[in-house]
Every structure is written in C-alpha cells, then in structure tokens.
Amino acid sequence: MSLPVPTSSPSAPLIRVRGLHQYFGQNHVLRGVDLDVQSGETLCLLGTSGGGKSVLVKHMVGLMQPHSGTVEIAGVDISRMSERQLAPVRKKVGIMFQNGALFDSMSVAGNIAFPLIEDGVKDEEEIERRVCESLDIVRLPGQQDKMPSDLSGGMKKRVALARAIIDRPECVCYDEPHAGLDPITADTIDKLIKQLQRDFNMTNIVITHELRSVFRIADRIVFMKDGQVYWQGTPSEMKASTDPIITDFLNGTDGKDGDWDHS
C-alpha cells in the first residue's frame, strides 16, 4: 500500500506531537508530551539535563518509536512506520548530530553526498552540483576533497549541516550545535541557522544550552522538565518570566546555563 507523501499546510503545524510517552526500562523519559512546531519557525528546546529534549527530537525524525502517543509530520503519522515507509518522510526533516557524525573514511564531498547516494541518485554531475551548493550555503566553498581529520570542530559541524540540507528538507533538527565551539564559531552557526530560515523558509529545531544563542535565534522557546513541556513562549516572555523554575534556570541555579545578555 502506498503511503501519503507529507506536504505542509500553511495553517497546520509542520510537526505535531500528541500524548508522547517513552520508557527506558523503568525510567519514564517522556510523560505525555504535546507540542506543535510551526512551519518556518526557529524553535529552541531548553531544559535541565535528563528532561527529555534529545529523546523527543529522535521521535520527530523517526529514529525512535513511542511507547504511546503520536508524531505527525505534515499531517502524516510516523509513529509506527517501518524504515522503508519512513524514507520519504525523512526527506522532510534533516538532523545535525552533536559531534557531526561524519564518516572518517570519506571526504567532505562523500559525507555530504551520502544521503543522495542512499536515495539512488547516480548522476555524478548532479551530485557534484548539489554538494557544491550545500558547501556554498554553509560557507565552506572548495572544501570537497578534505578529510574530516583536516577540519576544525566548527568546520565539521558545518559539513554535517551541509549534509543535513543536501535534500532541502523543510526542517532541520540540531542537537547541541554549539557544543565545543568558541563564541565566534558558535556565532557563525547561529547566522547559518537564521540564513536557512530566511532564505529557504526552513524550520529549525535547536537543542542547546547556550542561552546567548537562544536569545539570538529563537522565535519560540520550549522548556522541558521531567519529560514534559513545562513552559513555552517567546524569548522576551522568557526573560520577563517570574516562574521560579525558569528564573532559576536563567540564573544558573538549576542547570549549567545562566550567562545571558539582558539587553
């Protein structure tokens, strides 16, 4: 039976999560998460360690199936799909892993082209063109022949981003994109996230602990605690919040965050 190919609607959320529960043994990691991600927004996921942020995102890209509840991408429920069924859906949502997850034995071009080759694209000229386009977008032109061992940490993350966008997904999920980066390189990543949103109307879901980056890039912030969505709102609303859990988090007394610009 053929499955519907996801197509986003201006009025419906791109990603819709309802009643999501997940267990690891006796550990109840997600406890009935409800969340909508709107097309074209940059959503930042914050929360204390173990709050369920990474597990939630893994469900959004089909890397995990829930114990119960649903995840819809552009109106299509992916919660119980097989790997084969997920293939067209995953073209809608890319992911940039925290460490880049590059293949050490492949060149930059090979790493970026990997999703195309997996999809059966055989035209070498097309592959080369699309790799070059992705490298231009992440501001690494001409780096095709380098190996991952030749790259800095920031360059590896940009190559990973180029791979994530090679199929022009509607959404990219970022798992701690600023981890291990100096402030200048982290700022470059932030600019790329906003550029993708501006130039391609790309939806961004960003897990991060860097509050300075959050307040630069987020349209909306979701704060997770104990496997649930505890709070959500705009950056301005978060700064103005009097909720003690939010203020403790921002002040660094409930997590490792806290150094942010009040301007």
# chains A, B, ... in the order shown; residues from 1 in each chain; ligands from 1
call {"tool": "select_by_dssp", "arguments": {"residues": "stretch 12-248 of chain A", "states": "helix (DSSP H, G or I)", "output": "PyMOL selection string"}}
result
chain A and resi 53-60+83-90+108-118+124-137+148-150+153-164+183-200+211-217+235-240+244-248
call {"tool": "write_last_selection", "arguments": {"atoms": "C-alpha atoms", "output": "tab-separated table (two decimals), in the first residue's frame"}}
result
chain	number	residue	atom	x	y	z
A	53	LYS	CA	14.86	17.02	24.82
A	54	SER	CA	17.06	14.70	22.74
A	55	VAL	CA	14.65	11.79	23.08
A	56	LEU	CA	11.80	14.00	21.85
A	57	VAL	CA	13.76	15.09	18.78
A	58	LYS	CA	14.69	11.49	17.97
A	59	HIS	CA	10.97	10.75	17.78
A	60	MET	CA	10.45	13.75	15.49
A	83	GLU	CA	12.18	2.10	7.93
A	84	ARG	CA	11.01	1.74	4.34
A	85	GLN	CA	7.89	3.77	4.99
A	86	LEU	CA	9.88	6.49	6.76
A	87	ALA	CA	12.17	7.14	3.77
A	88	PRO	CA	10.03	9.82	2.04
A	89	VAL	CA	9.19	11.43	5.38
A	90	ARG	CA	12.83	11.75	6.41
A	108	VAL	CA	33.87	16.09	2.75
A	109	ALA	CA	32.16	15.58	-0.61
A	110	GLY	CA	31.50	11.91	0.16
A	111	ASN	CA	29.99	12.75	3.52
A	112	ILE	CA	27.70	15.43	2.11
A	113	ALA	CA	26.65	13.30	-0.87
A	114	PHE	CA	25.86	10.26	1.26
A	115	PRO	CA	22.08	10.91	1.54
A	116	LEU	CA	21.82	11.39	-2.23
A	117	ILE	CA	23.63	8.14	-2.94
A	118	GLU	CA	21.45	6.34	-0.40
A	124	GLU	CA	27.69	12.40	-10.83
A	125	GLU	CA	27.28	15.90	-12.23
A	126	GLU	CA	24.08	16.40	-10.25
A	127	ILE	CA	25.72	15.07	-7.09
A	128	GLU	CA	28.70	17.38	-7.55
A	129	ARG	CA	26.45	20.38	-8.20
A	130	ARG	CA	24.34	19.76	-5.12
A	131	VAL	CA	27.39	19.17	-2.91
A	132	CYS	CA	28.87	22.46	-4.11
A	133	GLU	CA	25.58	24.28	-3.45
A	134	SER	CA	25.41	22.92	0.09
A	135	LEU	CA	29.03	23.87	0.78
A	136	ASP	CA	28.38	27.38	-0.51
A	137	ILE	CA	25.38	27.72	1.82
A	148	PRO	CA	37.25	15.07	8.41
A	149	SER	CA	40.63	14.83	10.16
A	150	ASP	CA	41.68	18.01	8.32
A	153	GLY	CA	35.37	21.39	15.13
A	154	GLY	CA	33.36	24.24	13.65
A	155	MET	CA	34.07	23.11	10.09
A	156	LYS	CA	32.94	19.58	10.93
A	157	LYS	CA	29.63	20.92	12.17
A	158	ARG	CA	29.17	22.97	9.03
A	159	VAL	CA	29.90	19.92	6.86
A	160	ALA	CA	27.34	18.00	8.92
A	161	LEU	CA	24.86	20.81	8.30
A	162	ALA	CA	25.63	20.73	4.56
A	163	ARG	CA	24.81	17.01	4.62
A	164	ALA	CA	21.59	17.65	6.55
A	183	PRO	CA	31.96	32.10	20.75
A	184	ILE	CA	32.96	33.33	17.28
A	185	THR	CA	32.39	29.92	15.67
A	186	ALA	CA	29.12	29.49	17.59
A	187	ASP	CA	28.01	32.85	16.20
A	188	THR	CA	28.69	31.54	12.68
A	189	ILE	CA	26.42	28.55	13.34
A	190	ASP	CA	23.69	30.90	14.60
A	191	LYS	CA	23.94	33.01	11.46
A	192	LEU	CA	23.63	29.90	9.28
A	193	ILE	CA	20.53	28.76	11.17
A	194	LYS	CA	18.85	32.11	10.62
A	195	GLN	CA	20.03	32.24	7.00
A	196	LEU	CA	18.37	28.89	6.28
A	197	GLN	CA	15.18	30.16	7.86
A	198	ARG	CA	15.27	33.40	5.91
A	199	ASP	CA	16.39	32.12	2.50
A	200	PHE	CA	14.61	28.76	2.38
A	211	LEU	CA	21.37	30.92	26.22
A	212	ARG	CA	23.12	33.71	24.32
A	213	SER	CA	22.44	31.78	21.11
A	214	VAL	CA	18.86	31.03	22.14
A	215	PHE	CA	18.03	34.70	22.55
A	216	ARG	CA	19.67	35.49	19.20
A	217	ILE	CA	17.95	32.87	17.06
A	235	PRO	CA	12.46	34.97	24.17
A	236	SER	CA	11.02	38.22	25.55
A	237	GLU	CA	8.43	36.29	27.54
A	238	MET	CA	11.12	34.02	28.97
A	239	LYS	CA	13.27	36.96	30.04
A	240	ALA	CA	10.24	38.53	31.71
A	244	PRO	CA	10.83	30.38	39.85
A	245	ILE	CA	11.92	27.34	37.83
A	246	ILE	CA	12.51	29.50	34.73
A	247	THR	CA	14.28	32.26	36.66
A	248	ASP	CA	16.48	29.73	38.48
call {"tool": "select_by_dssp", "arguments": {"residues": "stretch 26-194 of chain A", "states": "strand (DSSP E or B)", "output": "JSON, numbers by chain"}}
result
{"A": [27, 28, 29, 30, 31, 32, 33, 34, 35, 36, 37, 42, 43, 44, 45, 46, 47, 68, 69, 70, 71, 72, 73, 76, 77, 93, 94, 95, 96, 171, 172, 173, 174, 175]}
call {"tool": "residues_around", "arguments": {"residues": "A:His28", "least_positions_apart": "2", "cutoff": "12 Å", "atoms": "only C-alpha atoms", "output": "ChimeraX atom specification"}}
result
/A:20-26,30-33,50-52,55,66-68,226-228
call {"tool": "closest_residue", "arguments": {"among": "A:Asn251, A:Met224, A:Leu151, A:Ile205", "to": "A:Val172", "atoms": "only C-alpha atoms"}}
result
A:Ile205
call {"tool": "atom_distance", "arguments": {"atom1": "atom CA of A:Ala74", "atom2": "atom CA of A:Leu45"}}
result
20.2 Å
call {"tool": "closest_residue", "arguments": {"among": "A:Ile95, A:Cys173, A:Ala218, A:Val229", "to": "A:Arg18", "atoms": "only C-alpha atoms"}}
result
A:Val229
